[in-house]
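To start, the structure under review is shown below, and the notes come after it.
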Amino acid sequence: MKAAAYSSPPKFHRAARDLLLLLTLALLVFMQFQNLFLALTRDSSSSLFRFSHLLPRVFFLLIFATAFWLRLLESLADPRGRRSGGLVRKVELPLAGAVVLFLAWAFFSGAVNGNPPVVTANGAYVYVAYFLVFFAYSSIDWSDGQIWRIYRPLLGLAVFLSAVSVVQEVLALINPASAQWWPNIHRGGAMWRMGLFRAPSLLGHPNTIAILALFFLTVELGRRRGRSGRWMIIILAAAVIFSASRLAMLGGLLALVAFRPFFRRLAFLAVPALIAAGLFWRAVGPPAGGDDRGAFAYDAYRDFARKVSLRVIADNPAIGVGPGRYGGHVSLKYRSPVYEEYGFTGRFVRNLERNSSIEQQWLQAAAELGVVGLMVFLLLLLAPAAVALASRAAGKDPGLRRLASALAVVPLQMVIFLPGFTVTQQGRWLVLYFILLGMLSTRRSLWLREEGNAER
């Protein structure tokens with residue numbers, strides 16, 4: 001006898017989901033321009049500055065609370081998880097386990113070092129905050145159409161901003177003075193690298209457009225077949241190149257190797273190509289000198305931070321100094337004594353305060369969590385790939401299956417970016433990534449439930 005159709009526990013009404021979708025899309029667009037908006041309002045309007053700084057945090061805090069309530073209702077209505085999958089669904093287990101393991105190690109490190117619990121909690125949260133976005137959006141059942149309604153407008157925005165970068169680059173090569181026309185955090189020689197203008201598009205920083213373009217380049221390479229969408233791919237790839245971000249270029253190369261057989265066959269050339277690129281960079285690198293905001297001063301700061309980080313790691317190899325104690329904004333907020341102890345003072349600590357980070361996540365994680373904690377953090381970074389692959393394996397829609405394949409590559413790009421960035425600096429694409437991954441994981445749960453009903 002055919003089983004009755006599956007009846008879901010209390011869920012968002014469709015209209016509420018559509019509203020949440022619209023608000024999410026608006027917030028994701030705002031986040032791309034957030035740095036520029038902060039720079040424009042920092043001195044002119046303190047209230048607007050605070051608003052733009054706090055808006056994403058407040059929004060996601062409300063989403064987290066709503067998601068927790070929905071999961072609690074589900075578990076109460078279905079205590080054995082026969083219909084809903086339980087408080088944590090099977091597809092979520094790799095990421096949920098990695099988050100729990102990371103938090104356990106972080107609190108262990110903080111406790112052994114005798115750090116205040118509030119510092120440990122804040123320091124640990126910074127590492128996992130964007131990963132928790134996944135669980136918020138995987139708590140609501142989404143349709144295939146709603147997933148594409150998030151993705152396609154943002155793809156259009158990314159292609160438009162990438163096209164602006166291409167125009168900026170062409171103008172700068174024809175007339176170098178035009179490089180001054182655009183809002184840009186860089187000044188002087190720092191605006192150029194490898195003979196290219198580091199085009200910021202309309203986002204105020206070349207790395208911001210580089211990360212955005214790279215994300216959509218990766219997904220489009222995974223989604224498209226043959227000549228489909230080739231002009232979008234070319235424009236996105238050009239924006240990555242014209243940002244002159246070496247890490248973004250490496251991430252793009254990884255996407256090409258993953259999704260294009262021609263580049264996969266040439267993968268064995270990657271190592272000599274990287275060596276050649278490094279030698280070329282040394283030959284045409286930035287000139288010495290420059291102002292305090294130029295490449296030379298910044299490189300000196302990063303080199304100093306690297307040396308101090310290695311000393312901290314050497315003195316605390318097993319468990320580190322504890323989360324929230326070194327290298328990030330939490331350590332500055334709670335006035336960590338580690339900086340005084342290791343001579344991280346004067347103009348170097350002022351640079352740290354300006355950047356809110358040493359911008360070298362691997363070193364920061366090893367210094368705060370020790371070598372073991374660094375390995376646990378690596379596991380956390382790669383866990384989303386397991387969720388994406390599981391979603392792909394159970395998928396029915398070919399487009400969503402290819403989307404899942406592309407999302408499985410992004411964690412490897414995260415790993416590539418972390419020598420020169422931190423997790424908190426990648427929020428503009430990580431929030432989008434975990435929203436899409438969370439939405440996609442709910443489609444897997446629905447597909448499996450439909451198959452289970454069909455078999456009964």
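Ligands are numbered from 1 in the order shown, chains are lettered A, B, ... in the order of the structure tokens, and residues start at 1 in each chain.
Excluding Asn316 of chain A itself and any same-chain residue fewer than 2 positions from it, the protein and nucleic acid residues within 10 Å of it, counting only C-alpha atoms, are Leu310, Arg311, Val312, Ile313, Ala314, Ala318, Ile319, Gly320, Val321, Gly322, Ala366, Ala367, Glu368, Leu369, Gly370 and Val371 of chain A.
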Can you list, as a ChimeraX atom specification, every residue of segment 178-226 of chain A that DSSP puts in strand (DSSP E or B)? /A:192-193,196-197
Go ahead and dump the residues you just picked, N, CA and C atoms, as an mmCIF file, in the first residue's frame.
```cif
data_model
loop_
_atom_site.group_PDB
_atom_site.id
_atom_site.type_symbol
_atom_site.label_atom_id
_atom_site.label_comp_id
_atom_site.auth_asym_id
_atom_site.auth_seq_id
_atom_site.Cartn_x
_atom_site.Cartn_y
_atom_site.Cartn_z
ATOM 1 N N TRP A 192 49.574 49.318 -8.266
ATOM 2 C CA TRP A 192 50.068 48.603 -9.439
ATOM 3 C C TRP A 192 50.826 47.353 -9.004
ATOM 4 N N ARG A 193 50.746 46.328 -9.809
ATOM 5 C CA ARG A 193 51.499 45.099 -9.535
ATOM 6 C C ARG A 193 51.688 44.352 -10.855
ATOM 7 N N LEU A 196 50.306 45.725 -13.985
ATOM 8 C CA LEU A 196 48.861 45.876 -14.099
ATOM 9 C C LEU A 196 48.343 46.831 -13.026
ATOM 10 N N PHE A 197 47.327 47.611 -13.412
ATOM 11 C CA PHE A 197 46.590 48.391 -12.428
ATOM 12 C C PHE A 197 45.704 47.439 -11.642
#
```
How many Å lie between atom CA of Asp303 of chain A and atom CA of Met249 of chain A, rounded to one decimal? 22.3 Å
Pick out the residues sitting within 8 Å of Tyr130 of chain A, and hand them over as a PyMOL selection string; count only C-alpha atoms, and ignore anything fewer than 3 positions along from it in its own chain. chain A and resi 127+133-134+427+430-431+434
Write the residues you've just listed into a file as a PDB file, in the first residue's frame, and include N, CA and C atoms for each of them.
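That gives us again.pdb:
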```pdb
ATOM      1  N   TYR A 127      36.295  32.180  14.348  1.00  0.00           N
ATOM      2  CA  TYR A 127      36.685  31.142  13.393  1.00  0.00           C
ATOM      3  C   TYR A 127      35.470  30.467  12.745  1.00  0.00           C
ATOM      4  N   VAL A 133      26.369  29.995   9.414  1.00  0.00           N
ATOM      5  CA  VAL A 133      25.350  30.456   8.469  1.00  0.00           C
ATOM      6  C   VAL A 133      24.733  29.262   7.741  1.00  0.00           C
ATOM      7  N   PHE A 134      25.542  28.253   7.472  1.00  0.00           N
ATOM      8  CA  PHE A 134      25.055  27.035   6.811  1.00  0.00           C
ATOM      9  C   PHE A 134      23.881  26.438   7.566  1.00  0.00           C
ATOM     10  N   GLY A 427      34.376  37.119   4.328  1.00  0.00           N
ATOM     11  CA  GLY A 427      32.949  37.041   4.600  1.00  0.00           C
ATOM     12  C   GLY A 427      32.066  37.281   3.399  1.00  0.00           C
ATOM     13  N   LEU A 430      32.089  33.919   1.694  1.00  0.00           N
ATOM     14  CA  LEU A 430      31.780  32.787   2.556  1.00  0.00           C
ATOM     15  C   LEU A 430      30.321  32.791   2.996  1.00  0.00           C
ATOM     16  N   VAL A 431      29.760  33.971   3.280  1.00  0.00           N
ATOM     17  CA  VAL A 431      28.345  34.030   3.639  1.00  0.00           C
ATOM     18  C   VAL A 431      27.494  33.531   2.481  1.00  0.00           C
ATOM     19  N   PHE A 434      27.964  29.655   2.139  1.00  0.00           N
ATOM     20  CA  PHE A 434      27.267  28.819   3.120  1.00  0.00           C
ATOM     21  C   PHE A 434      25.756  28.946   3.017  1.00  0.00           C
TER      22      PHE A 434
END
```
Which residues come within 12 Å of Trp181 of chain A, counting only C-alpha atoms, excluding same-chain residues fewer than 6 positions away, as a PyMOL selection string? chain A and resi 168-169+171-172+175+187+199-202+204
Let's have the selection written as an mmCIF file, in the first residue's frame, with C-alpha atoms.
```
data_model
loop_
_atom_site.group_PDB
_atom_site.id
_atom_site.type_symbol
_atom_site.label_atom_id
_atom_site.label_comp_id
_atom_site.auth_asym_id
_atom_site.auth_seq_id
_atom_site.Cartn_x
_atom_site.Cartn_y
_atom_site.Cartn_z
ATOM 1 C CA GLN A 168 39.256 50.374 -15.492
ATOM 2 C CA GLU A 169 42.239 48.283 -16.557
ATOM 3 C CA LEU A 171 41.729 52.979 -19.241
ATOM 4 C CA ALA A 172 44.677 52.728 -16.825
ATOM 5 C CA ASN A 175 46.085 56.698 -19.394
ATOM 6 C CA ARG A 187 47.652 54.631 -2.997
ATOM 7 C CA ALA A 199 41.416 47.426 -10.653
ATOM 8 C CA PRO A 200 39.043 47.780 -7.658
ATOM 9 C CA SER A 201 35.822 47.933 -9.713
ATOM 10 C CA LEU A 202 33.282 49.890 -7.625
ATOM 11 C CA GLY A 204 37.067 50.137 -3.194
#
```
List the neighbours of segment 143-148 of chain A out to 12 Å using only C-alpha atoms; skip same-chain residues closer than 3 positions along the sequence, and give me the result as a count of residues only. 43
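Taking only C-alpha atoms into account, Arg50 of chain A lies nearest to A:Leu38 out of the set A:Leu38, A:Val119, A:Ile185, A:Ala390.
Atom pair atom CA of Ala383 of chain A / atom CA of Pro411 of chain A has a distance of 8.1 Å (rounded to one decimal).
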Which residues, written as a VMD selection string, have at least one atom at most 12 Å from Val409 of chain A, with only C-alpha atoms counted and residues fewer than 6 positions away on the same chain left out? chain A and resid 214 to 219 221 to 222 251 to 259 381 to 389 402 to 403 415 to 416 433
